[in-house]
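Student: Before we start, here is the structure in question, set down as structure tokens.
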Amino acid sequence: MAAEIPKVYSPEAIEPRWARYWVERKLYRPGDDLSQPRFCLVIPPPNITGLLHMGHMLEHTEIDVLMRWHRMRGENVLWLPGTDHASIATQMIVERELGREALPDLPPGAETESTWRREGQRRRREMGPEGFLERCWKWKEESGGTIRHQMERLGASCDWTRDRFTMDPAYSRAVLEVFVRLYEEGLIYRGKYIVNWCPRCGTAVSDLEVIHEERQGKLWYIRYPFEDGSGHLSVATTRPESMLGDTAVAVNPADERYRPVVGRNVVLPLLERIIPVVADEFVDPQFGTGAVKVTPAHDANDFEIALRHNLPRVEVIDEEARMSEAAGPYRGLDRYEARDAVVQDLRERGLLEKIEDYPLSVGTCQRCKTVVEPRLSAQWFMKMKPLAEPAIRVVEQGRIRIVPENYQKIYLDWMTNIHDWCISRQLWWGHRIPVWYCDACGHVVVARETPAACPKCRAQSLRPETDVLDTWFSSALWPFATLGWPDDTQDLRRFYPTDLMIMGFDILFFWGARMIMMGMKFMNDVPFRELYIHALVRDAEKQKMSKTKGNVIDPLEVTERFGTDAVRFALAISAAPGTDITFSYDKVESYRAFANKIWNAGRFILMNLQKLPEPTRDKLATALQPIPGVGFEPVAGPEHLALPDSWIFSRLATVSREMNEALSSYRFHEAAFKVYHFFWHEFCDWYLEWVKPEITAAVEGEKLPPVWVNLARVFEASLHLLQPFMPFITEELWHQLPHTIQGPSLSLRPFNLVGERVVDPVSEKQFQIVQELIVTARNAKAEMGLQNQKPSAQVASDDLRVLELLRTQQETVLRLAGLQALNFTRGHLAASVGGVHATPTFDLRLFHEEPVDREAERARLQKERDKLERQLAQVKKQLENQEFLSRAPRDVVRGVEHRHSELNVHYRKVLESLERLG
Ligand SMILES: [Zn+2]
Ligand SMILES: [Zn+2]
């Protein structure tokens with residue numbers, strides 16, 4: 001046992017030490033005992049793009065609380081960690097780095113960012129794939145290391161020996177295998193279709209990566225003259241520049257107005273191309289004039305119309321969103337410059353009928369916010385309908401439970417309307433698509449290994465596909481690829497399907513849905529049994545945290561300042577399912593105060609424990625061995641079981657049960673609140689105060705007083721309940737308690753040390769009555785300005801049992817309420833006398849010989865209040881001084897913060913007393 005417990009709790013002194021200890025000892029590898037139930041979760045792999053943010057911290061706290069809780073319940077727990085290569089995001093960051101290195105002296109700002117990006121892209125092409133990918137791997141080493149360090153510091157109880165990365169060789173093999181098998185089954189195909197193209201990122205992106213924004217646009221009405229010179233058709237469009245690619249005008253076949261013109265030809269203005277008028281059901285007669293232009297190469301719906309009517313496709317906008325050769329005189333112009341030029345020319349020729357305001361939805365790139373361009377492009381696609389069917393079924397059948405429940409409908413709706421997924425990306429960092437083209441005979445080879453020659457014509461030179469796969473293609477395999485698939489490994493057999501997945505709603509379709517589809521396809525089973533969707537972390541005003549708003553809280557900074565345990569607790573106690581989380585420094589500060597409370601209680605107990613004779617301490621260590629099958633029970637004194645003992649054990653059992661119930665339905669906030677309330681307001685405020693005289697009394701000889709056994713057992717059991725939330729401080733204190741069988745860590749001990757047997761409603765009721773008397777007496781004293789005096793009191797009740805109960809607890813009541821003497825009367829106290837405090841159970845009246853000088857008391861309190869206000873202002877000023885905060889040694893700052901919270905508590909008490917005086 002350590003000789004000295006530091007007076008001030010300083011998380012930085014203990015947290016890094018335990019974080020290292022847990023990792024070095026590999027404590028969180030699942031055991032080999034296959035007869036035990038197991039619990040497995042594979043981490044939502046953070047992107048290697050940078051540091052973890054508050055959203056990760058929330059996610060990891062929730063996961064870790066559950067993992068630690070399951071582990072303490074005797075399950076073989078595997079939390080498998082890992083990271084994602086994040087193809088497009090990482091490539092953009094590395095490009096920016098290259099740009100920044102080349103032009104280091106630019107001033108910060110949006111302008112510089114885009115200059116760096118352009119320069120970075122240029123340097124990437126200059127370096128070639130080999131050099132660039134080397135840079136990406138270097139980035140991965142650094143960033144991946146930082147993420148791991150941050151997670152260790154958070155106390156994440158992962159099995160680091162199973163750490164995975166989506167581009168590990170073994171993982172890449174799984175990606176290849178899935179691609180080839182899906183291709184062979186016809187579920188992956190290549191084709192020229194309209195895709196969302198980001199002209200800035202230079203790649204296709206999936207529908208999910210496009211953010212739709214409402215913008216004020218315009219509707220241009222353009223006249224398309226009939227070929228035979230007999231008038232014109234009026235066509236409305238939101239994108240006049242794309243008319244250069246029109247190959248038809250379409251009307252609805254049911255639209256009477258246009259029936260006579262179907263089949264006739266019009267002349268495309270500006271380019272003078274002859275195009276037909278076709279009838280297609282897709283056309284909405286209510287839009288514009290009811291006649292629309294058809295631009296198959298730049299609009300997904302027009303592409304479909306063109307297929308139905310066998311229309312040619314003319315590409316007029318290129319991959320950089322500039323006008324192509326086919327745009328004739330407009331070639332080389334940017335798409336928006338071309339718009340102005342086209343509108344201007346139409347107006348000059350009298351072909352522009354009118355312009356109207358028109359709200360429209362504009363798709364922008366999720367990564368860079370550039371307006372995406374629908375573009376005809378040869379890409380690889382995955383057929384989703386056949387994969388979605390089993391994934392819909394397992395959720396409908398309840399084989400996967402989605403929590404909160406409302407997300408289930410959102411999931412099913414999306415899955416029912418799913419479209420094919422464009423899986424190829426024109427990027428360098430990622431899994432290269434395993435395809436080779438034979439230019440000699442046109443054959444396409446899809447293979448697990450690089451083919452030596454074309455299997456059709458034996459030509460030796462094959463051209464490899466340069467596109468890579470969408471990041472989410474590999475992430476979709478995460479639950480089984482991390483466990484060793486395609487090999488039939490022991491881990492795969494043991495841990496698949498996993499038990500739980502936790503993620504934010506923003507990636508439910510990107511990732512959650514696709515994992516379910518791939519799991520059903522390749523493992524013929526669900527990837528996880530429950531899917532918990534967590535909330536967002538917002539600031540105290542419920543605003544989303546964002547760099548531009550300047551309200552981002554950095555997890556590293558906040559943990560350094562307040563300690564990891566406090567941050568974890570603040571997050572957990574705010575995490576109610578389906579509700580966004582408000583998070584602020586104030587909140588964390590109040591849970592740092594909770595950690596202080598735990599520390600002080602532990603210190604008080606341990607310091608007094610050290611005063612016990614050694615043989616007594618040894619006996620106590622034995623008493624802290626849970627009785628098999630029973631756990632802890634209160635022990636009785638020479639005569640009877642003391643009321644506070646049976647009460648606190650009863651409360652402990654109830655709180656344990658309630659915490660179990662709350663955690664099994666993801667009510668983190670409730671579990672955290674229960675243990676918080678129990679520890680602070682029941683264990684510390686009442687139990688500890690109650691037994692203090694016995695605990696501080698000297699112990700004679702070798703006997704072990706029952707009060708010590710009970711106190712130590714309740715404290716030990718409380719640390720167990722707190723451990724999943726606050727693993728550091730509880731581990732530290734637990735190691736200081738005497739144990740006969742220590743074990744390496746509190747986190748490997750059982751969660752519940754007390755069973756339902758100790759629940760005792762009679763004791764709880766009795767204790768409540770005594771509590772009520774003490775509280776009533778304290779309030780009465782304050783109202784009369786007698787806080788610093790010891791008046792006598794009279795208690796009256798109709799109920800003889802109440803009087804008897806209070807009489808037996810008399811000594812404690814006098815001490816905790818600060819009374820001189822108590823006398824008991826059957827019946828009621830006449831209210832007319834004044835000063836009577838009536839409760840449903842008893843009446844109380846205080847007696848005081850000297851008349852109370854309320855004015856003097858008020859003056860004294862006011863003086864005290866003013867002094868505290870001055871002191872508080874001074875300390876606050878110091879804490880707001882950035883220079884002091886950054887320069888002063890950590891323990892000095894900590895000391896000032898400590899004084900601030902002490903002054904605050906005192907100040908509030910004085911205000912309360914003043915209020916009571918009236
Ligand atoms: Zn982009
Ligand atoms: Zn060939």
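Identifiers for the structure tokens are assigned positionally: chains receive A, B, ... in sequence, residues are indexed from 1 per chain, and ligands are indexed from 1 in the order shown.
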Skip Thr161 (chain A) itself and residues of its chain fewer than 2 positions away, then list as an mmCIF file with C-alpha atoms, in the first residue's frame all residues within 8 Å of it, counting only C-alpha atoms.
Tutor:
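Result file result_15.cif:
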```
data_model
loop_
_atom_site.group_PDB
_atom_site.id
_atom_site.type_symbol
_atom_site.label_atom_id
_atom_site.label_comp_id
_atom_site.auth_asym_id
_atom_site.auth_seq_id
_atom_site.Cartn_x
_atom_site.Cartn_y
_atom_site.Cartn_z
ATOM 1 C CA LYS A 26 -2.183 -6.599 -23.284
ATOM 2 C CA ARG A 29 -7.056 -9.487 -25.452
ATOM 3 C CA ASP A 159 -7.029 -5.415 -28.305
ATOM 4 C CA ASP A 163 -5.051 -3.616 -35.004
#
```
Student: Check which residues of chain A sit at most 7 Å from ligand 2 using only C-alpha atoms and all ligand atoms, and return one row each with the closest pair of atoms and their distance in Å to one decimal, ordered by chain and rising number, as a Markdown table.
Tutor:
```
| residue | atom | partner | partner_atom_place_in_ligand_line | distance |
| --- | --- | --- | --- | --- |
| A:Cys438 | CA | ligand 2 | 1 (Zn) | 4.6 |
| A:Asp439 | CA | ligand 2 | 1 (Zn) | 6.6 |
| A:Ala440 | CA | ligand 2 | 1 (Zn) | 5.1 |
| A:Cys441 | CA | ligand 2 | 1 (Zn) | 4.1 |
| A:Gly442 | CA | ligand 2 | 1 (Zn) | 6.0 |
| A:His443 | CA | ligand 2 | 1 (Zn) | 5.2 |
| A:Cys454 | CA | ligand 2 | 1 (Zn) | 4.6 |
| A:Pro455 | CA | ligand 2 | 1 (Zn) | 6.7 |
| A:Lys456 | CA | ligand 2 | 1 (Zn) | 5.0 |
| A:Cys457 | CA | ligand 2 | 1 (Zn) | 4.1 |
| A:Arg458 | CA | ligand 2 | 1 (Zn) | 6.0 |
| A:Ala459 | CA | ligand 2 | 1 (Zn) | 5.4 |
```
Student: Tell me, as a list in words, which residues lie within 9 Å of Val910 (chain A), counting only C-alpha atoms; anything in the same chain fewer than 3 positions away does not count.
Tutor: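 Using only C-alpha atoms, the neighbours found are Leu861, Gln862, Glu864, Arg865, Val905, His906, Tyr907, Ser913, Leu914 and Glu915 of chain A.
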Student: Leaving out Pro706 (chain A) and any residue of its chain fewer than 4 positions from it, which residues lie within 8 Å of it when counting only C-alpha atoms, given as a ChimeraX atom specification?
Tutor: /A:635-637,710
Student: Put those residues in a file: N, CA and C atoms, as an mmCIF file, in the first residue's frame.
Tutor:
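Saved file result11.cif follows:
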```cif
data_model
loop_
_atom_site.group_PDB
_atom_site.id
_atom_site.type_symbol
_atom_site.label_atom_id
_atom_site.label_comp_id
_atom_site.auth_asym_id
_atom_site.auth_seq_id
_atom_site.Cartn_x
_atom_site.Cartn_y
_atom_site.Cartn_z
ATOM 1 N N VAL A 635 -22.011 -6.762 7.153
ATOM 2 C CA VAL A 635 -21.824 -7.597 8.343
ATOM 3 C C VAL A 635 -22.381 -6.847 9.548
ATOM 4 N N ALA A 636 -22.825 -7.611 10.538
ATOM 5 C CA ALA A 636 -23.496 -7.034 11.692
ATOM 6 C C ALA A 636 -22.504 -6.718 12.801
ATOM 7 N N GLY A 637 -22.876 -5.740 13.641
ATOM 8 C CA GLY A 637 -22.079 -5.408 14.808
ATOM 9 C C GLY A 637 -22.408 -6.363 15.940
ATOM 10 N N ASN A 710 -17.874 -3.012 6.222
ATOM 11 C CA ASN A 710 -18.962 -2.494 5.400
ATOM 12 C C ASN A 710 -18.519 -1.314 4.540
#
```
Student: Considering only C-alpha atoms, return as a list in words whatever protein or nucleic-acid residues lie within 9 Å of region 331-346 of chain A, sequence-local ones (same chain, fewer than 5 positions apart) excluded.
Tutor: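 Contacts, in chain order: Trp220, Ile222, Arg223, Arg239, Pro240, Glu241, Ser242, Met243, Leu244, Pro269, Leu270, Val316, Ile317, Glu320, Ala321, Arg322, Met323, Ser324, Glu325, Ala326, Leu351 and Leu352 of chain A.
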Student: Please dump the current selection as a PDB file, in the first residue's frame; keep C-alpha atoms.
Tutor:
```pdb
ATOM      1  CA  TRP A 220     -34.407  30.503 -69.252  1.00  0.00           C
ATOM      2  CA  ILE A 222     -35.347  29.489 -75.325  1.00  0.00           C
ATOM      3  CA  ARG A 223     -36.925  29.334 -78.784  1.00  0.00           C
ATOM      4  CA  ARG A 239     -28.729  25.297 -67.561  1.00  0.00           C
ATOM      5  CA  PRO A 240     -28.616  27.145 -70.919  1.00  0.00           C
ATOM      6  CA  GLU A 241     -24.943  26.277 -71.549  1.00  0.00           C
ATOM      7  CA  SER A 242     -25.754  22.564 -71.707  1.00  0.00           C
ATOM      8  CA  MET A 243     -28.100  23.153 -74.688  1.00  0.00           C
ATOM      9  CA  LEU A 244     -25.013  22.857 -76.843  1.00  0.00           C
ATOM     10  CA  PRO A 269     -29.964  27.428 -81.831  1.00  0.00           C
ATOM     11  CA  LEU A 270     -26.334  28.632 -82.041  1.00  0.00           C
ATOM     12  CA  VAL A 316     -19.879  19.468 -74.451  1.00  0.00           C
ATOM     13  CA  ILE A 317     -18.418  19.836 -70.942  1.00  0.00           C
ATOM     14  CA  GLU A 320     -12.459  20.231 -65.723  1.00  0.00           C
ATOM     15  CA  ALA A 321     -15.924  21.677 -66.347  1.00  0.00           C
ATOM     16  CA  ARG A 322     -14.729  23.530 -69.473  1.00  0.00           C
ATOM     17  CA  MET A 323     -16.515  23.490 -72.812  1.00  0.00           C
ATOM     18  CA  SER A 324     -15.190  20.811 -75.179  1.00  0.00           C
ATOM     19  CA  GLU A 325     -14.508  20.792 -78.937  1.00  0.00           C
ATOM     20  CA  ALA A 326     -18.129  19.806 -79.529  1.00  0.00           C
ATOM     21  CA  LEU A 351     -34.219  33.462 -79.385  1.00  0.00           C
ATOM     22  CA  LEU A 352     -34.419  34.227 -75.665  1.00  0.00           C
TER      23      LEU A 352
END
```
Student: Which one of A:Phe226, A:Trp197, A:Phe824, A:Trp414 sits closest to ligand 1 if you count only C-alpha atoms and all ligand atoms?
Tutor: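 So, comparing all the options, the nearest one is A:Trp197.
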Student: Name the residues of region 540-682 of chain A that come out as alpha helix (DSSP H) in a backbone DSSP run; write them as JSON, numbers by chain.
Tutor: {"A": [555, 556, 557, 558, 559, 560, 561, 562, 564, 565, 566, 567, 568, 569, 570, 571, 572, 573, 574, 585, 586, 587, 588, 589, 590, 591, 592, 593, 594, 595, 596, 597, 598, 599, 600, 601, 602, 603, 604, 605, 606, 607, 608, 609, 610, 614, 615, 616, 617, 618, 619, 620, 621, 622, 623, 643, 644, 645, 646, 647, 648, 649, 650, 651, 652, 653, 654, 655, 656, 657, 658, 659, 660, 661, 662, 663, 664, 668, 669, 670, 671, 672, 673, 674, 675, 676, 677]}
Student: What's the 10 Å shell around region 607-614 of chain A, counting only C-alpha atoms, without same-chain residues fewer than 3 positions away, as number ranges by chain?
Tutor: A: 1-5, 601-604, 617-620, 695-704, 708, 712, 737-738
Student: Mind listing the strand (DSSP E or B) residues of region 375-616 of chain A, per DSSP on the backbone, as an MDAnalysis selection string?
Tutor: chainID A and resid 375:382 401:403 421:422 424:425 432 435:438 444:446 462:464 468:469 498:504 528:534 537:538 544 581:582
Student: Of the residues A:Ala102, A:Ile729, A:Leu462, A:Cys368, which is the one nearest to Arg17 (chain A), using only C-alpha atoms?
Tutor: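 The closest residue to Arg17 (chain A) is A:Ile729.
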Student: Name each residue within 9 Å of ligand 1, counting only C-alpha atoms and all ligand atoms, as a ChimeraX atom specification.
Tutor: /A:88,197-203,205,364-372
